[in-house]
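These notes are about the structure you will find just below.
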Amino acid sequence: MRRAVFAHRIARVFAPLALSCTAWAEVPAAPAVESIGLTVSDLERSVAFFRDVLTFELLSEEEHSGAVHEALEGVFGLRTRVARMRLGGEEIELTEYLAPEGRPIPLDSRSNDGWFQHIAIIVSDMDAAYAHLRKHRVRHASSGPQRLPDWNPNAGGIEAFYFKDEDGHVLEVLTFPAGKGDPKWHRLERDSKHLFLGIDHTAIVVADTERSLAFYRDVLGLQVAGASENHGTEQEHLNNVFGARLRITALRGSSGPGIEFLEYLAPSDGRPFPLDARANDLLHWETRLAVGALDAIEVRLLAADALFLSAGAVKLAPGWAGLAVRDPDGHALELRGSQLARPR
C-alpha cells in the first residue's frame, strides 16, 4: 500500500505535463451516473426498509474483503456486505462494514451541513406517498410535503418531502408539474400503477457552485441541465432550515440520475465536511460514475489536485479499474472504466 501511495504522489508531480499532451487534454465525454452508494449499519434492516417501504427490488448481495477493496475504499482491514437494489431504471448500493465499524451520522445534522446528500425518488402521487410513509412511521426531515410557489419560474409547482431511513440518511420524494422535470417521469405517471417510480437525482451541499462546476463539469465532463434560486417559507420548511436561500444547479451525465448542487446563500452556518471522514462512516455516500478511459480521467484529477480516497487507479480485472476521490467539498465519488497504457 505504501509503495502505491508513493507512486501516486510522484504521479501528481508529472500530471500537468501528461495533461498537456493533446490526446490526454481533451474534455472527457459525459460519464454515466451508474448508481448511488451509501454506508449502512445493518444491511438486513436497510434492505428491508428500501424494499418494503420504498419498493426497491433486491438484485444481489456480496461480501468483499482483501487488498483490492482496501485500496479502492481507502480503509484497511475491511470486510463489507454489499446489497444492490433497483427502483425503476436506477440503482443504489448499500454497504455494511463488518470491520472496521465507522461512526454514526451526527444527531444534530442539518440540511445545510457540508456532508448533506440525498437521493430524490419520484412518486406518482405526493399525498399518497406521504400517507404511505406516515403509515410506516418514517422520521421526518421536513415538517411535511411542500409545494414550491409559482413565482419561481424554474421550481414552481414542484412538490417535495424530506424524510430519513433507519440510519438517519435523508431521502426525498418528489413530483414535477407538467412541463418540468424529465419527460420520462410524466410518462411513467400516466402508464405505471406504481407509487415510487425511480431516482431523479442525488443532491449535495456545496460551498461554491463555480468551484464545484470546475470539478464536475470541466474535469469529469458532466453537463449543466438547469438552475434555480429558491427561497421562502416552503423552501425553509422543506429543508427545515430557517432563512434558507439556495442556489440550485442540476447536472447530468450520459445516463442515470442527475447530480444537484445545493449552495446555501443563507444561512451561512452550515458545518464543513469532516476532514477525518472515511468510507465506513454512516455519513458516507458515493456517487458511482462509469467513464471511458479511466487513465485519462485520473490524469485530469491529479492535475486538478483532487483528494484521492484510493491509492490511484486500482486494477479490478484485466483492462478494468476503479478509483475513489472526494470533490472540493468532501463528497465521495467512485469512478470505474477501462485502463489503457499511458503515453510515453
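Ordered as shown in the C-alpha cells, chains take letters A, B, and onward, while each chain numbers its residues from 1 and ligands are numbered from 1 in the order shown.
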
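Every protein, DNA or RNA residue with an atom at most 7 Å from region 63-66 of chain A, where only C-alpha atoms count and chain neighbours fewer than 6 positions away do not, is listed here: Leu78, Arg79, Thr80, Arg81 and Val82 of chain A.
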
Skipping near chain neighbours, those fewer than 4 positions away, what residues fall within 12 Å of region 176-182 of chain A using only C-alpha atoms, listed as a ChimeraX atom specification? /A:120-126,147-150,153-160,186-190,198-201,225-226,250,252,255-258

Just-selected residues, N, CA and C atoms written as a compact mmCIF listing (two decimals), in the first residue's frame:
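Writing the result to part.txt gives the following:
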```txt
# COMPACT_ATOMS: atom_id res chain seq x y z
N ALA A 120 -33.33 11.68 -4.59
CA ALA A 120 -34.68 12.16 -4.81
C ALA A 120 -35.47 11.11 -5.58
N ILE A 121 -36.49 10.57 -4.95
CA ILE A 121 -37.30 9.49 -5.51
C ILE A 121 -38.59 10.09 -6.07
N ILE A 122 -38.86 9.85 -7.34
CA ILE A 122 -40.07 10.36 -7.97
C ILE A 122 -41.26 9.49 -7.58
N VAL A 123 -42.36 10.16 -7.19
CA VAL A 123 -43.58 9.44 -6.85
C VAL A 123 -44.71 9.91 -7.78
N SER A 124 -45.69 9.05 -7.96
CA SER A 124 -46.80 9.38 -8.86
C SER A 124 -47.86 10.22 -8.19
N ASP A 125 -47.89 10.23 -6.85
CA ASP A 125 -48.90 10.98 -6.11
C ASP A 125 -48.31 11.37 -4.76
N MET A 126 -48.10 12.66 -4.51
CA MET A 126 -47.44 13.09 -3.28
C MET A 126 -48.29 12.79 -2.05
N ARG A 147 -45.14 22.43 -1.49
CA ARG A 147 -45.30 22.79 -2.91
C ARG A 147 -44.60 24.11 -3.13
N LEU A 148 -43.57 24.12 -3.99
CA LEU A 148 -42.82 25.34 -4.22
C LEU A 148 -43.66 26.34 -5.00
N PRO A 149 -43.55 27.63 -4.67
CA PRO A 149 -44.50 28.63 -5.17
C PRO A 149 -44.34 28.93 -6.66
N ASP A 150 -45.43 29.36 -7.26
CA ASP A 150 -45.45 29.59 -8.71
C ASP A 150 -44.63 30.80 -9.13
N PRO A 153 -40.03 30.60 -11.51
CA PRO A 153 -40.30 30.01 -12.83
C PRO A 153 -39.69 28.63 -13.03
N ASN A 154 -38.57 28.34 -12.39
CA ASN A 154 -37.89 27.07 -12.61
C ASN A 154 -38.30 25.98 -11.63
N ALA A 155 -38.88 26.37 -10.48
CA ALA A 155 -39.22 25.37 -9.47
C ALA A 155 -40.68 25.38 -9.07
N GLY A 156 -41.46 26.37 -9.52
CA GLY A 156 -42.85 26.48 -9.12
C GLY A 156 -43.65 25.24 -9.47
N GLY A 157 -44.43 24.76 -8.50
CA GLY A 157 -45.28 23.59 -8.71
C GLY A 157 -44.64 22.28 -8.32
N ILE A 158 -43.33 22.25 -8.10
CA ILE A 158 -42.67 21.04 -7.64
C ILE A 158 -43.11 20.75 -6.20
N GLU A 159 -43.43 19.50 -5.92
CA GLU A 159 -43.79 19.08 -4.57
C GLU A 159 -42.70 18.14 -4.05
N ALA A 160 -42.32 18.31 -2.78
CA ALA A 160 -41.22 17.52 -2.24
C ALA A 160 -41.38 17.34 -0.74
N HIS A 186 -43.24 11.88 -16.36
CA HIS A 186 -44.65 12.12 -16.70
C HIS A 186 -45.24 10.93 -17.46
N ARG A 187 -44.41 10.30 -18.30
CA ARG A 187 -44.88 9.09 -18.99
C ARG A 187 -45.16 7.98 -17.98
N LEU A 188 -44.25 7.82 -17.01
CA LEU A 188 -44.44 6.78 -16.01
C LEU A 188 -45.64 7.06 -15.12
N GLU A 189 -45.86 8.34 -14.80
CA GLU A 189 -47.04 8.69 -14.00
C GLU A 189 -48.32 8.27 -14.71
N ARG A 190 -48.35 8.43 -16.04
CA ARG A 190 -49.55 8.07 -16.80
C ARG A 190 -49.69 6.55 -16.93
N GLY A 198 -38.76 5.91 -9.47
CA GLY A 198 -37.34 5.86 -9.78
C GLY A 198 -36.62 7.02 -9.12
N ILE A 199 -35.32 7.10 -9.37
CA ILE A 199 -34.47 8.12 -8.74
C ILE A 199 -34.14 9.19 -9.77
N ASP A 200 -34.53 10.43 -9.49
CA ASP A 200 -34.26 11.52 -10.42
C ASP A 200 -32.85 12.05 -10.28
N HIS A 201 -32.37 12.21 -9.03
CA HIS A 201 -31.04 12.80 -8.83
C HIS A 201 -30.55 12.52 -7.41
N ALA A 225 -27.71 21.08 -16.59
CA ALA A 225 -29.05 20.83 -17.14
C ALA A 225 -30.07 21.85 -16.69
N GLY A 226 -29.75 22.67 -15.68
CA GLY A 226 -30.73 23.64 -15.21
C GLY A 226 -30.23 24.33 -13.95
N ALA A 250 -28.38 21.88 -11.50
CA ALA A 250 -28.55 20.47 -11.86
C ALA A 250 -27.59 20.10 -12.97
N ARG A 252 -26.15 16.61 -15.44
CA ARG A 252 -26.50 15.28 -15.93
C ARG A 252 -25.31 14.66 -16.63
N SER A 255 -26.25 9.15 -18.88
CA SER A 255 -27.41 8.40 -18.44
C SER A 255 -27.40 8.35 -16.92
N GLY A 256 -28.49 7.89 -16.34
CA GLY A 256 -28.57 7.74 -14.89
C GLY A 256 -29.07 8.99 -14.20
N PRO A 257 -29.17 8.94 -12.86
CA PRO A 257 -29.66 10.10 -12.11
C PRO A 257 -28.77 11.32 -12.31
N GLY A 258 -29.34 12.49 -12.08
CA GLY A 258 -28.56 13.71 -12.12
C GLY A 258 -27.82 13.93 -10.81
```

| field | Ala203 (chain A) environment, 7 Å, only C-alpha atoms, sequence neighbours closer than 6 positions dropped, as a PyMOL selection string | value | chain A and resi 117-119+259-262

* When DSSP works through the backbone of this structure, what residues of region 173-320 of chain A end up as strand (DSSP E), shown as a ChimeraX atom specification? -> /A:173-175,196-206,223-231,245-252,258-266,285-293,307-308,314-317,320

* Asked: Do you have the CA of Leu38 (chain A)-CA of Ile92 (chain A) distance handy?
  ->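 Separation of CA of Leu38 (chain A) and CA of Ile92 (chain A): 7.9 Å.
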